[in-house]
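Peer 1: This one is final17.txt, compact mmCIF, N, CA and C atoms.
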# COMPACT_ATOMS: atom_id res chain seq x y z
N MET A 1 -16.26 69.90 0.05
CA MET A 1 -16.71 68.54 -0.14
C MET A 1 -16.29 67.99 -1.49
N HIS A 2 -16.31 68.86 -2.49
CA HIS A 2 -15.97 68.39 -3.83
C HIS A 2 -14.54 67.85 -3.85
N GLY A 3 -13.63 68.46 -3.13
CA GLY A 3 -12.25 68.01 -3.09
C GLY A 3 -12.09 66.66 -2.42
N VAL A 4 -12.93 66.37 -1.42
CA VAL A 4 -12.88 65.09 -0.72
C VAL A 4 -13.33 63.97 -1.67
N ARG A 5 -14.38 64.21 -2.42
CA ARG A 5 -14.86 63.20 -3.38
C ARG A 5 -13.81 62.93 -4.44
N THR A 6 -13.20 63.93 -4.95
CA THR A 6 -12.17 63.76 -5.96
C THR A 6 -11.00 62.98 -5.39
N GLY A 7 -10.62 63.28 -4.17
CA GLY A 7 -9.54 62.57 -3.50
C GLY A 7 -9.86 61.09 -3.32
N ARG A 8 -11.09 60.82 -2.92
CA ARG A 8 -11.53 59.42 -2.74
C ARG A 8 -11.52 58.68 -4.08
N ARG A 9 -11.99 59.36 -5.11
CA ARG A 9 -12.02 58.73 -6.44
C ARG A 9 -10.60 58.40 -6.90
N LEU A 10 -9.69 59.30 -6.69
CA LEU A 10 -8.30 59.05 -7.06
C LEU A 10 -7.72 57.88 -6.26
N LEU A 11 -8.02 57.85 -4.96
CA LEU A 11 -7.53 56.78 -4.11
C LEU A 11 -8.10 55.43 -4.56
N VAL A 12 -9.40 55.38 -4.81
CA VAL A 12 -10.05 54.15 -5.27
C VAL A 12 -9.47 53.74 -6.62
N GLY A 13 -9.31 54.68 -7.51
CA GLY A 13 -8.74 54.37 -8.82
C GLY A 13 -7.33 53.82 -8.71
N PHE A 14 -6.53 54.43 -7.82
CA PHE A 14 -5.17 53.96 -7.61
C PHE A 14 -5.16 52.53 -7.05
N LEU A 15 -6.02 52.28 -6.06
CA LEU A 15 -6.08 50.94 -5.46
C LEU A 15 -6.54 49.89 -6.46
N VAL A 16 -7.51 50.22 -7.28
CA VAL A 16 -7.98 49.29 -8.31
C VAL A 16 -6.87 49.00 -9.31
N ALA A 17 -6.15 50.02 -9.73
CA ALA A 17 -5.06 49.82 -10.69
C ALA A 17 -3.94 48.98 -10.07
N ALA A 18 -3.62 49.23 -8.80
CA ALA A 18 -2.58 48.47 -8.12
C ALA A 18 -2.99 47.01 -7.97
N ALA A 19 -4.25 46.79 -7.61
CA ALA A 19 -4.74 45.42 -7.45
C ALA A 19 -4.74 44.69 -8.79
N ALA A 20 -5.14 45.37 -9.84
CA ALA A 20 -5.16 44.74 -11.17
C ALA A 20 -3.75 44.39 -11.61
N THR A 21 -2.80 45.24 -11.33
CA THR A 21 -1.41 44.95 -11.70
C THR A 21 -0.90 43.74 -10.93
N GLY A 22 -1.21 43.66 -9.65
CA GLY A 22 -0.78 42.52 -8.84
C GLY A 22 -1.40 41.23 -9.30
N CYS A 23 -2.67 41.26 -9.68
CA CYS A 23 -3.35 40.05 -10.13
C CYS A 23 -2.84 39.61 -11.49
N ALA A 24 -2.54 40.57 -12.34
CA ALA A 24 -2.11 40.21 -13.69
C ALA A 24 -0.74 39.55 -13.70
N THR A 25 0.12 39.95 -12.77
CA THR A 25 1.47 39.39 -12.77
C THR A 25 1.61 38.24 -11.80
N GLY A 26 0.64 38.05 -10.93
CA GLY A 26 0.73 36.97 -9.96
C GLY A 26 1.58 37.38 -8.77
N ALA A 27 2.02 38.64 -8.73
CA ALA A 27 2.83 39.15 -7.63
C ALA A 27 2.38 40.56 -7.34
N GLY A 28 2.99 41.18 -6.36
CA GLY A 28 2.67 42.55 -6.03
C GLY A 28 3.21 43.47 -7.10
N ALA A 29 3.16 44.75 -6.83
CA ALA A 29 3.69 45.71 -7.78
C ALA A 29 5.17 45.44 -7.99
N SER A 30 5.68 45.84 -9.13
CA SER A 30 7.07 45.55 -9.42
C SER A 30 7.96 46.19 -8.37
N GLY A 31 9.00 45.48 -7.99
CA GLY A 31 9.91 45.97 -6.99
C GLY A 31 9.39 45.75 -5.58
N SER A 32 8.31 44.99 -5.40
CA SER A 32 7.74 44.80 -4.07
C SER A 32 8.51 43.80 -3.24
N GLY A 33 9.44 43.10 -3.81
CA GLY A 33 10.21 42.15 -3.03
C GLY A 33 11.00 41.25 -3.94
N PRO A 34 11.88 40.47 -3.34
CA PRO A 34 12.69 39.58 -4.16
C PRO A 34 11.83 38.48 -4.78
N THR A 35 12.17 38.12 -5.97
CA THR A 35 11.49 37.01 -6.64
C THR A 35 12.52 35.94 -6.93
N SER A 36 12.07 34.72 -6.95
CA SER A 36 12.98 33.63 -7.26
C SER A 36 12.48 32.91 -8.51
N ALA A 37 13.41 32.29 -9.17
CA ALA A 37 13.06 31.52 -10.37
C ALA A 37 12.23 30.32 -9.95
N PRO A 38 11.28 29.91 -10.78
CA PRO A 38 10.49 28.74 -10.43
C PRO A 38 11.37 27.51 -10.31
N THR A 39 11.02 26.67 -9.37
CA THR A 39 11.76 25.44 -9.16
C THR A 39 11.44 24.48 -10.28
N PRO A 40 12.44 23.99 -10.98
CA PRO A 40 12.16 23.04 -12.07
C PRO A 40 11.59 21.74 -11.50
N GLN A 41 10.60 21.23 -12.19
CA GLN A 41 9.99 19.97 -11.80
C GLN A 41 10.79 18.82 -12.39
N PRO A 42 10.95 17.74 -11.63
CA PRO A 42 11.68 16.60 -12.19
C PRO A 42 10.92 15.99 -13.36
N THR A 43 11.66 15.54 -14.33
CA THR A 43 11.06 14.89 -15.49
C THR A 43 10.67 13.48 -15.08
N PRO A 44 9.39 13.12 -15.29
CA PRO A 44 9.00 11.77 -14.91
C PRO A 44 9.76 10.74 -15.76
N THR A 45 10.14 9.67 -15.13
CA THR A 45 10.82 8.62 -15.87
C THR A 45 9.78 7.64 -16.38
N ARG A 46 10.04 7.16 -17.56
CA ARG A 46 9.13 6.17 -18.15
C ARG A 46 9.75 4.80 -17.98
N ALA A 47 8.89 3.85 -17.72
CA ALA A 47 9.36 2.47 -17.63
C ALA A 47 9.74 2.01 -19.03
N ASP A 48 10.70 1.15 -19.09
CA ASP A 48 11.06 0.59 -20.40
C ASP A 48 9.87 -0.20 -20.92
N PRO A 49 9.80 -0.45 -22.23
CA PRO A 49 8.63 -1.11 -22.82
C PRO A 49 8.32 -2.49 -22.21
N VAL A 50 9.34 -3.26 -21.88
CA VAL A 50 9.10 -4.59 -21.31
C VAL A 50 8.47 -4.46 -19.92
N THR A 51 8.98 -3.54 -19.12
CA THR A 51 8.41 -3.34 -17.78
C THR A 51 6.99 -2.80 -17.87
N ALA A 52 6.75 -1.86 -18.77
CA ALA A 52 5.40 -1.31 -18.93
C ALA A 52 4.43 -2.42 -19.36
N CYS A 53 4.84 -3.22 -20.30
CA CYS A 53 4.01 -4.35 -20.77
C CYS A 53 3.75 -5.32 -19.63
N THR A 54 4.79 -5.66 -18.88
CA THR A 54 4.66 -6.59 -17.75
C THR A 54 3.66 -6.05 -16.74
N ASN A 55 3.77 -4.77 -16.41
CA ASN A 55 2.85 -4.17 -15.45
C ASN A 55 1.41 -4.23 -15.93
N GLN A 56 1.20 -4.00 -17.22
CA GLN A 56 -0.16 -4.08 -17.78
C GLN A 56 -0.70 -5.50 -17.68
N LEU A 57 0.10 -6.47 -18.08
CA LEU A 57 -0.37 -7.85 -18.06
C LEU A 57 -0.65 -8.33 -16.64
N VAL A 58 0.22 -7.99 -15.71
CA VAL A 58 0.00 -8.38 -14.31
C VAL A 58 -1.28 -7.74 -13.78
N TYR A 59 -1.48 -6.48 -14.09
CA TYR A 59 -2.69 -5.78 -13.63
C TYR A 59 -3.95 -6.45 -14.18
N TRP A 60 -4.01 -6.61 -15.51
CA TRP A 60 -5.23 -7.16 -16.10
C TRP A 60 -5.42 -8.62 -15.76
N ALA A 61 -4.35 -9.38 -15.61
CA ALA A 61 -4.49 -10.77 -15.17
C ALA A 61 -5.07 -10.81 -13.77
N GLY A 62 -4.59 -9.93 -12.90
CA GLY A 62 -5.13 -9.87 -11.54
C GLY A 62 -6.60 -9.56 -11.50
N THR A 63 -7.03 -8.59 -12.31
CA THR A 63 -8.46 -8.25 -12.32
C THR A 63 -9.29 -9.42 -12.84
N GLN A 64 -8.80 -10.09 -13.85
CA GLN A 64 -9.56 -11.22 -14.39
C GLN A 64 -9.59 -12.39 -13.41
N LEU A 65 -8.47 -12.67 -12.76
CA LEU A 65 -8.42 -13.79 -11.82
C LEU A 65 -9.26 -13.52 -10.57
N ARG A 66 -9.44 -12.26 -10.21
CA ARG A 66 -10.31 -11.90 -9.08
C ARG A 66 -11.77 -11.77 -9.49
N GLY A 67 -12.04 -11.92 -10.80
CA GLY A 67 -13.41 -11.78 -11.30
C GLY A 67 -13.86 -10.33 -11.37
N GLU A 68 -12.93 -9.39 -11.45
CA GLU A 68 -13.26 -7.97 -11.46
C GLU A 68 -13.14 -7.34 -12.84
N ASP A 69 -12.95 -8.12 -13.87
CA ASP A 69 -12.75 -7.55 -15.21
C ASP A 69 -13.98 -6.75 -15.61
N ASP A 70 -13.75 -5.60 -16.22
CA ASP A 70 -14.84 -4.72 -16.61
C ASP A 70 -15.52 -5.12 -17.93
N GLY A 71 -15.03 -6.15 -18.56
CA GLY A 71 -15.64 -6.62 -19.80
C GLY A 71 -15.19 -5.89 -21.04
N GLY A 72 -14.30 -4.92 -20.88
CA GLY A 72 -13.79 -4.20 -22.04
C GLY A 72 -12.88 -5.09 -22.87
N ASP A 73 -12.72 -4.74 -24.13
CA ASP A 73 -11.84 -5.54 -24.98
C ASP A 73 -10.39 -5.13 -24.77
N TYR A 74 -9.48 -5.80 -25.45
CA TYR A 74 -8.06 -5.57 -25.24
C TYR A 74 -7.65 -4.14 -25.59
N GLN A 75 -8.31 -3.54 -26.56
CA GLN A 75 -7.98 -2.16 -26.92
C GLN A 75 -8.42 -1.21 -25.81
N HIS A 76 -9.55 -1.49 -25.20
CA HIS A 76 -10.02 -0.70 -24.07
C HIS A 76 -9.02 -0.77 -22.92
N HIS A 77 -8.36 -1.90 -22.78
CA HIS A 77 -7.36 -2.09 -21.73
C HIS A 77 -5.99 -1.56 -22.10
N GLY A 78 -5.85 -1.05 -23.32
CA GLY A 78 -4.56 -0.50 -23.75
C GLY A 78 -3.56 -1.56 -24.16
N LEU A 79 -4.03 -2.72 -24.57
CA LEU A 79 -3.15 -3.82 -24.94
C LEU A 79 -3.11 -3.99 -26.45
N SER A 80 -2.00 -4.51 -26.94
CA SER A 80 -1.92 -4.90 -28.35
C SER A 80 -2.54 -6.29 -28.47
N SER A 81 -2.74 -6.74 -29.68
CA SER A 81 -3.29 -8.09 -29.86
C SER A 81 -2.33 -9.14 -29.32
N GLU A 82 -1.01 -8.90 -29.47
CA GLU A 82 -0.02 -9.85 -28.95
C GLU A 82 -0.07 -9.89 -27.42
N GLN A 83 -0.21 -8.73 -26.80
CA GLN A 83 -0.31 -8.69 -25.35
C GLN A 83 -1.59 -9.37 -24.88
N ASN A 84 -2.67 -9.18 -25.63
CA ASN A 84 -3.93 -9.82 -25.27
C ASN A 84 -3.83 -11.34 -25.35
N ASP A 85 -3.16 -11.83 -26.40
CA ASP A 85 -2.97 -13.28 -26.51
C ASP A 85 -2.17 -13.81 -25.32
N ALA A 86 -1.12 -13.09 -24.95
CA ALA A 86 -0.30 -13.49 -23.80
C ALA A 86 -1.13 -13.44 -22.52
N LEU A 87 -1.95 -12.40 -22.36
CA LEU A 87 -2.80 -12.27 -21.17
C LEU A 87 -3.75 -13.45 -21.06
N ARG A 88 -4.38 -13.79 -22.17
CA ARG A 88 -5.32 -14.91 -22.17
C ARG A 88 -4.63 -16.20 -21.74
N GLN A 89 -3.43 -16.42 -22.26
CA GLN A 89 -2.68 -17.63 -21.93
C GLN A 89 -2.26 -17.62 -20.45
N ILE A 90 -1.82 -16.49 -19.95
CA ILE A 90 -1.42 -16.39 -18.54
C ILE A 90 -2.60 -16.67 -17.62
N VAL A 91 -3.74 -16.09 -17.92
CA VAL A 91 -4.93 -16.28 -17.09
C VAL A 91 -5.38 -17.73 -17.13
N GLU A 92 -5.40 -18.35 -18.32
CA GLU A 92 -5.80 -19.75 -18.43
C GLU A 92 -4.89 -20.65 -17.61
N GLN A 93 -3.58 -20.43 -17.70
CA GLN A 93 -2.62 -21.25 -16.95
C GLN A 93 -2.78 -21.03 -15.44
N ALA A 94 -3.01 -19.81 -15.04
CA ALA A 94 -3.18 -19.51 -13.62
C ALA A 94 -4.45 -20.16 -13.08
N GLN A 95 -5.51 -20.12 -13.85
CA GLN A 95 -6.76 -20.74 -13.42
C GLN A 95 -6.61 -22.26 -13.35
N ALA A 96 -5.86 -22.83 -14.28
CA ALA A 96 -5.67 -24.29 -14.28
C ALA A 96 -4.87 -24.73 -13.04
N ARG A 97 -3.92 -23.92 -12.60
CA ARG A 97 -3.10 -24.29 -11.44
C ARG A 97 -3.79 -23.99 -10.13
N GLY A 98 -4.72 -23.06 -10.15
CA GLY A 98 -5.49 -22.75 -8.94
C GLY A 98 -4.60 -22.32 -7.77
N PRO A 99 -4.89 -22.85 -6.58
CA PRO A 99 -4.15 -22.44 -5.39
C PRO A 99 -2.67 -22.86 -5.42
N ALA A 100 -2.31 -23.78 -6.29
CA ALA A 100 -0.91 -24.21 -6.38
C ALA A 100 -0.04 -23.21 -7.12
N LEU A 101 -0.64 -22.16 -7.62
CA LEU A 101 0.10 -21.15 -8.37
C LEU A 101 1.02 -20.35 -7.44
N PRO A 102 2.32 -20.37 -7.69
CA PRO A 102 3.23 -19.55 -6.86
C PRO A 102 2.87 -18.07 -7.00
N PRO A 103 3.05 -17.29 -5.94
CA PRO A 103 2.63 -15.88 -5.96
C PRO A 103 3.26 -15.04 -7.06
N ASP A 104 4.48 -15.34 -7.46
CA ASP A 104 5.15 -14.53 -8.48
C ASP A 104 5.05 -15.12 -9.89
N GLU A 105 4.28 -16.17 -10.05
CA GLU A 105 4.21 -16.86 -11.34
C GLU A 105 3.59 -15.99 -12.43
N VAL A 106 2.54 -15.26 -12.11
CA VAL A 106 1.90 -14.41 -13.12
C VAL A 106 2.89 -13.35 -13.61
N ALA A 107 3.60 -12.72 -12.69
CA ALA A 107 4.58 -11.70 -13.07
C ALA A 107 5.71 -12.30 -13.89
N ARG A 108 6.15 -13.50 -13.54
CA ARG A 108 7.22 -14.15 -14.29
C ARG A 108 6.77 -14.46 -15.71
N GLN A 109 5.58 -15.03 -15.85
CA GLN A 109 5.04 -15.34 -17.18
C GLN A 109 4.81 -14.07 -17.99
N ALA A 110 4.33 -13.03 -17.33
CA ALA A 110 4.07 -11.76 -18.03
C ALA A 110 5.38 -11.18 -18.55
N ARG A 111 6.40 -11.17 -17.73
CA ARG A 111 7.70 -10.62 -18.15
C ARG A 111 8.25 -11.42 -19.33
N SER A 112 8.18 -12.73 -19.24
CA SER A 112 8.67 -13.59 -20.32
C SER A 112 7.91 -13.30 -21.62
N ALA A 113 6.60 -13.18 -21.52
CA ALA A 113 5.78 -12.89 -22.71
C ALA A 113 6.13 -11.52 -23.28
N CYS A 114 6.33 -10.54 -22.43
CA CYS A 114 6.64 -9.19 -22.90
C CYS A 114 8.02 -9.11 -23.53
N GLU A 115 8.96 -9.87 -23.02
CA GLU A 115 10.28 -9.92 -23.66
C GLU A 115 10.18 -10.51 -25.06
N ARG A 116 9.35 -11.55 -25.21
CA ARG A 116 9.11 -12.14 -26.54
C ARG A 116 8.45 -11.13 -27.46
N ILE A 117 7.45 -10.45 -26.95
CA ILE A 117 6.71 -9.48 -27.76
C ILE A 117 7.63 -8.34 -28.20
N ALA A 118 8.47 -7.87 -27.29
CA ALA A 118 9.36 -6.74 -27.60
C ALA A 118 10.38 -7.08 -28.68
N THR A 119 10.74 -8.34 -28.79
CA THR A 119 11.74 -8.74 -29.79
C THR A 119 11.10 -9.31 -31.06
N SER A 120 9.78 -9.37 -31.10
CA SER A 120 9.12 -9.90 -32.30
C SER A 120 9.15 -8.86 -33.40
N PRO A 121 9.17 -9.29 -34.66
CA PRO A 121 9.23 -8.34 -35.77
C PRO A 121 8.09 -7.33 -35.80
N SER A 122 6.91 -7.72 -35.34
CA SER A 122 5.77 -6.80 -35.39
C SER A 122 5.87 -5.72 -34.32
N ALA A 123 6.77 -5.87 -33.33
CA ALA A 123 6.89 -4.87 -32.26
C ALA A 123 7.49 -3.57 -32.77
N SER A 124 8.17 -3.60 -33.91
CA SER A 124 8.80 -2.39 -34.41
C SER A 124 7.84 -1.51 -35.19
N THR A 125 6.64 -1.97 -35.47
CA THR A 125 5.67 -1.16 -36.20
C THR A 125 4.47 -0.91 -35.29
N SER A 126 3.80 0.20 -35.50
CA SER A 126 2.67 0.55 -34.64
C SER A 126 1.40 -0.19 -35.03
N GLY A 127 1.33 -0.71 -36.24
CA GLY A 127 0.14 -1.44 -36.67
C GLY A 127 -0.96 -0.53 -37.22
N PHE A 128 -0.71 0.75 -37.30
CA PHE A 128 -1.74 1.67 -37.81
C PHE A 128 -1.42 2.08 -39.21
Spit out the file's structure as C-alpha cells when you get a sec.
Peer 2:
Amino acid sequence: MHGVRTGRRLLVGFLVAAAATGCATGAGASGSGPTSAPTPQPTPTRADPVTACTNQLVYWAGTQLRGEDDGGDYQHHGLSSEQNDALRQIVEQAQARGPALPPDEVARQARSACERIATSPSASTSGF
C-alpha cells in the first residue's frame, strides 16, 4: 500500500507542476505544438485636428439643439475656449434659423470655424 500512495503523490505532483507550467506560459508544456507569432494589431488612425474639432462641434451642437446638453462647461466637453465660442455662435445661428436650417449647415459652419481655429496663432500653444 505504501508504494501506491507514493505513486499517487508523484502523479499528483507531476500533474500540478505540468498544469502550473501551462498556466504560467499561456500554452501547454514546451514542445506541445506549433506556436505562431501574435497577429499585429492595426494602428488606429487619428483624425486630423480640423476633422476632430469639427466632429466635436457637430456633436455638442446637436446635443444642445436637441435640448440634451448635460450642463457641463466647455472643458468638461473637451473643448478649447475658441471652440466653445464657435459652438455658441453655431448654436445661436441654428436656433435663429429654426426649421429653415439646411441639414448640413451645422457641419459646414463647424468645419469653417475649426479651420479658422487651426490657423490662429493661439492654436500652436497648448495654453497651459
Peer 1: Pull the neighbourhood of (0.4, -8.9, -16.9) for me: all residues within 6.5 Å in file coordinates, counting only N, CA and C atoms, as a PDB file with N, CA and C atoms, keeping the file's coordinate frame.
Peer 2:
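Output file point-v1.pdb follows:
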ATOM      1  N   CYS A  53       4.840  -3.220 -20.300  1.00  0.00           N
ATOM      2  CA  CYS A  53       4.010  -4.350 -20.770  1.00  0.00           C
ATOM      3  C   CYS A  53       3.750  -5.320 -19.630  1.00  0.00           C
ATOM      4  N   THR A  54       4.790  -5.660 -18.880  1.00  0.00           N
ATOM      5  CA  THR A  54       4.660  -6.590 -17.750  1.00  0.00           C
ATOM      6  C   THR A  54       3.660  -6.050 -16.740  1.00  0.00           C
ATOM      7  N   ASN A  55       3.770  -4.770 -16.410  1.00  0.00           N
ATOM      8  CA  ASN A  55       2.850  -4.170 -15.450  1.00  0.00           C
ATOM      9  C   ASN A  55       1.410  -4.230 -15.930  1.00  0.00           C
ATOM     10  N   GLN A  56       1.200  -4.000 -17.220  1.00  0.00           N
ATOM     11  CA  GLN A  56      -0.160  -4.080 -17.780  1.00  0.00           C
ATOM     12  C   GLN A  56      -0.700  -5.500 -17.680  1.00  0.00           C
ATOM     13  N   LEU A  57       0.100  -6.470 -18.080  1.00  0.00           N
ATOM     14  CA  LEU A  57      -0.370  -7.850 -18.060  1.00  0.00           C
ATOM     15  C   LEU A  57      -0.650  -8.330 -16.640  1.00  0.00           C
ATOM     16  N   VAL A  58       0.220  -7.990 -15.710  1.00  0.00           N
ATOM     17  CA  VAL A  58       0.000  -8.380 -14.310  1.00  0.00           C
ATOM     18  C   VAL A  58      -1.280  -7.740 -13.780  1.00  0.00           C
ATOM     19  N   TYR A  59      -1.480  -6.480 -14.090  1.00  0.00           N
ATOM     20  CA  TYR A  59      -2.690  -5.780 -13.630  1.00  0.00           C
ATOM     21  C   TYR A  59      -3.950  -6.450 -14.180  1.00  0.00           C
ATOM     22  N   TRP A  60      -4.010  -6.610 -15.510  1.00  0.00           N
ATOM     23  CA  TRP A  60      -5.230  -7.160 -16.100  1.00  0.00           C
ATOM     24  C   TRP A  60      -5.420  -8.620 -15.760  1.00  0.00           C
ATOM     25  N   ALA A  61      -4.350  -9.380 -15.610  1.00  0.00           N
ATOM     26  CA  ALA A  61      -4.490 -10.770 -15.170  1.00  0.00           C
ATOM     27  C   ALA A  61      -5.070 -10.810 -13.770  1.00  0.00           C
ATOM     28  N   GLY A  62      -4.590  -9.930 -12.900  1.00  0.00           N
ATOM     29  CA  GLY A  62      -5.130  -9.870 -11.540  1.00  0.00           C
ATOM     30  C   GLY A  62      -6.600  -9.560 -11.500  1.00  0.00           C
ATOM     31  N   LEU A  87      -1.950 -12.400 -22.360  1.00  0.00           N
ATOM     32  CA  LEU A  87      -2.800 -12.270 -21.170  1.00  0.00           C
ATOM     33  C   LEU A  87      -3.750 -13.450 -21.060  1.00  0.00           C
ATOM     34  N   VAL A 106       2.540 -15.260 -12.110  1.00  0.00           N
ATOM     35  CA  VAL A 106       1.900 -14.410 -13.120  1.00  0.00           C
ATOM     36  C   VAL A 106       2.890 -13.350 -13.610  1.00  0.00           C
ATOM     37  N   ALA A 107       3.600 -12.720 -12.690  1.00  0.00           N
ATOM     38  CA  ALA A 107       4.580 -11.700 -13.070  1.00  0.00           C
ATOM     39  C   ALA A 107       5.710 -12.300 -13.890  1.00  0.00           C
ATOM     40  N   ALA A 110       4.330 -13.030 -17.330  1.00  0.00           N
ATOM     41  CA  ALA A 110       4.070 -11.760 -18.030  1.00  0.00           C
ATOM     42  C   ALA A 110       5.380 -11.180 -18.550  1.00  0.00           C
ATOM     43  N   ARG A 111       6.400 -11.170 -17.730  1.00  0.00           N
ATOM     44  CA  ARG A 111       7.700 -10.620 -18.150  1.00  0.00           C
ATOM     45  C   ARG A 111       8.250 -11.420 -19.330  1.00  0.00           C
TER      46      ARG A 111
END
Peer 1: Please measure the separation of atom CA of A:Gly98 and atom CA of A:His76, giving the value in Å to one decimal.
Peer 2: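 For atom CA of A:Gly98 relative to atom CA of A:His76, the distance reads 27.1 Å.
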Peer 1: Report the distance between atom CA of A:Tyr74 and atom CA of A:Pro49 in Å, rounded to one decimal place.
Peer 2: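 Atom-to-atom, atom CA of A:Tyr74 to atom CA of A:Pro49, that is 17.4 Å.
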Peer 1: Can you tell me how far atom CA of A:Glu68 sits from atom CA of A:Ala118, in Å to one decimal?
Peer 2: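 Between these atoms lies a distance of 27.8 Å.
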Peer 1: Could you check the closest approach to A:Gln95 for each of A:Cys114, A:Glu82, A:Gln109, A:Leu65 and tell me which residue wins, using all atoms listed in the file?
Peer 2: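 The answer is A:Leu65, which sits nearest to A:Gln95.
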Peer 1: When you count all atoms listed in the file, which of these residues is closest to A:Ala86: A:Gly71, A:Ala113, A:Thr119, A:Pro40?
Peer 2: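 Among the listed residues, the smallest separation from A:Ala86 belongs to A:Ala113.
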Peer 1: Restricting the calculation to only C-alpha atoms, which member of A:Ala47, A:Ser80, A:Arg108, A:Val91 is positioned closest to A:Gly67?
Peer 2: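 Closest residue, counting only C-alpha atoms: A:Val91.
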Peer 1: Would you list, as a list of chain:residue names, the residues of stretch 54-87 of chain A that end up in alpha helix (DSSP H) under DSSP run on this structure's backbone?
Peer 2: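 Of stretch 54-87 of chain A, the ones in alpha helix (DSSP H) are A:Thr54, A:Asn55, A:Gln56, A:Leu57, A:Val58, A:Tyr59, A:Trp60, A:Ala61, A:Gly62, A:Thr63, A:Gln64, A:Leu65, A:Ser81, A:Glu82, A:Gln83, A:Asn84, A:Asp85, A:Ala86, A:Leu87.
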